[in-house]
Every structure is written in C-alpha cells, then in structure tokens.
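Undergrad: First, the structure itself, so that you have it in front of you.
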Amino acid sequence: MSTKAFKDDKIKLIKEKIDKAQVAIVTEYKGLSVEEITTLRRALQKDGGDYMVTKNTLAKIAIKGTPYEVLADSLKGPSALAFGFTDQVAPAKALSKFMKDTKKGEILGAALDGQLLSAAEAKALANIPSREEIYAKMLGCINSPASGIVGGINGIMSALVRAIAAVRDQKG
C-alpha cells in the first residue's frame with residue numbers, strides 16, 4: 001500500500017512532466033512485460049519523450065487544471081502516459097512502431113494543445129512527417145528555384161560555347 005508521501009511525490013512527478021510536455025498520449029499497457037515497457041521508454045526518451053505507468057487516480061489528480069485535463073475520461077483500466085517534450089509527432093511515431101512490432105498495447109487517446117484527440121486521431125498523428133522531414137522538404141523548396149536558375153544559366157552558357165566552337169570549326 002502506498003503512503004501519502006509516495007502518492008504526493010508521484011503526483012508532483014506527473015505534474016512536472018505535464019508542464020514540460022507538448023503532447024500527452026494515453027496507452028493501454030496490458031500484456032507488456034517490464035522489459036518491453038523499458039524498451040518503449042528508451043525509444044521515447046531517445047526522441048525527446050517519456051513513458052510513465054501510474055495509477056489512473058493519481059494521473060487524474062495531476063492533470064486537473066492543466067490543458068491535459070481532457071484526458072481524464074481516457075484514463076481507464078491499465079493505462080500509461082507517454083509524453084513528448086521536444087516534438088509533438090515523435091512520441092506517436094515511437095508508440096505506433098512499438099505496438100506494430102510487438103502487437104501489444106493500444107493508443108487510447110491523446111491531448112495536443114488542450115484538444116482531445118480520439119484513438120484514431122492519435123494514431124494518425126504518427127503518419128505526420130517529423131520536424132526534420134518537414135525542414136528538409138522546406139529546404140528543398142527553397143533551393144529548388146536557385147537550382148533551376150543555375151541549371152538554366154549553365155545550359156545557356158553551354159549552348160553558347162558549343163555554337164562558338166561550331167563556328168570556329170566551320171571557318172577553320
């Protein structure tokens with residue numbers, strides 16, 4: 001049985017994570033071993049997130065009065081919270097990949113910018129390109145016109161050199 005001090009510490013820890021989080025995802029962890037949960041936690045930490053198994057009552061107390069309070073109804077049964085601190089998409093990607101690989105666990109819901117996302121919407125979040133992919137695409141779009149201009153000028157210069165060479169060969 002947990003003491004009041006232990007519960008208070010757990011609530012404080014959840015509140016600290018929630019204050020830093022950009023996204024929170026509720027998952028079912030039924031059927032996962034401690035080793036699998038640790039593997040999932042490491043994958044999320046690598047992507048700037050965390051995974052926390054806690055009692056639903058403690059989690060509900062911790063999220064009260066925060067933008068993640070909308071998750072209260074999703075906290076039923078054996079559930080855990082996944083947080084994303086640096087990216088809103090990375091935790092969903094890591095969870096989806098893990099659940100696809102192990103065929104265990106389920107996403108129950110998520111909260112993003114104070115909005116409740118259904119399980120289907122939270123799973124769809126995993127299909128959004130990551131921040132790095134979006135940056136790369138933007139850079140490609142920015143570089144594309146410059147590359148086109150360089151290619152066009154290069155083509156004109158090459159044609160001019162070939163024309164001059166042809167005239168030289170014709171007269172020589």
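Letters A, B, ... go to the chains of the structure tokens in the order shown; residues in each chain start at 1; ligands are counted from 1 in the same order.
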Please provide the set of residues having any atom within 8 Å of Asp50 of chain A, restricted to only C-alpha atoms, with same-chain residues fewer than 4 positions apart removed, written as a PDB file with C-alpha atoms, in the first residue's frame.

TA:
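Just written: part00.pdb:
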ATOM      1  CA  ARG A  41      10.530   4.085 -22.529  1.00  0.00           C
ATOM      2  CA  ARG A  42      14.067   4.151 -24.016  1.00  0.00           C
ATOM      3  CA  LEU A  44      10.558   7.551 -26.377  1.00  0.00           C
ATOM      4  CA  GLN A  45      13.437   9.100 -24.403  1.00  0.00           C
ATOM      5  CA  ALA A  82       3.516   8.926 -22.984  1.00  0.00           C
ATOM      6  CA  PHE A  83       4.835  12.477 -23.134  1.00  0.00           C
ATOM      7  CA  GLY A  84       6.534  14.397 -25.927  1.00  0.00           C
TER       8      GLY A  84
END

Undergrad: Got a sec to tell me which of chain A DSSP assigns to strand (DSSP E or B), as a ChimeraX atom specification?

TA: /A:23-28,49-53,79-84,106-112,115-117

Undergrad: Could you name the residues that touch Leu58 of chain A at 8 Å or less, counting only C-alpha atoms, but leaving out those on the same chain fewer than 6 positions away, as a list in words?

TA: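 Neighbouring residues, sequence-local ones excluded: Lys7, Lys10 and Ile11 of chain A.
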
Undergrad: Residues of the last selection are to be written out with N, CA and C atoms, as a short mmCIF file (atom, residue, chain, number, x, y, z; two decimals), in the first residue's frame.

TA:
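Okay, selection.cif is ready:
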data_model
loop_
_atom_site.label_atom_id
_atom_site.label_comp_id
_atom_site.auth_asym_id
_atom_site.auth_seq_id
_atom_site.Cartn_x
_atom_site.Cartn_y
_atom_site.Cartn_z
N LYS A 7 2.48 8.98 -2.79
CA LYS A 7 1.48 9.41 -3.76
C LYS A 7 1.69 10.88 -4.13
N LYS A 10 4.56 11.13 -6.49
CA LYS A 10 4.17 10.64 -7.82
C LYS A 10 3.34 11.70 -8.56
N ILE A 11 2.41 12.33 -7.87
CA ILE A 11 1.59 13.39 -8.46
C ILE A 11 2.48 14.56 -8.88
#

Undergrad: Would you list, as an MDAnalysis selection string, the residues of segment 17-154 of chain A that end up in helix (DSSP H, G or I) under DSSP run on this structure's backbone?

TA: chainID A and resid 17:20 34:46 56:63 67:74 90:102 119:125 131:154

Undergrad: Rounded to one decimal place, report the atom CA of Ser130 of chain A-atom CA of Asp47 of chain A distance in Å.

TA: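 Answer for the atom CA of Ser130 of chain A to atom CA of Asp47 of chain A separation: 10.6 Å.
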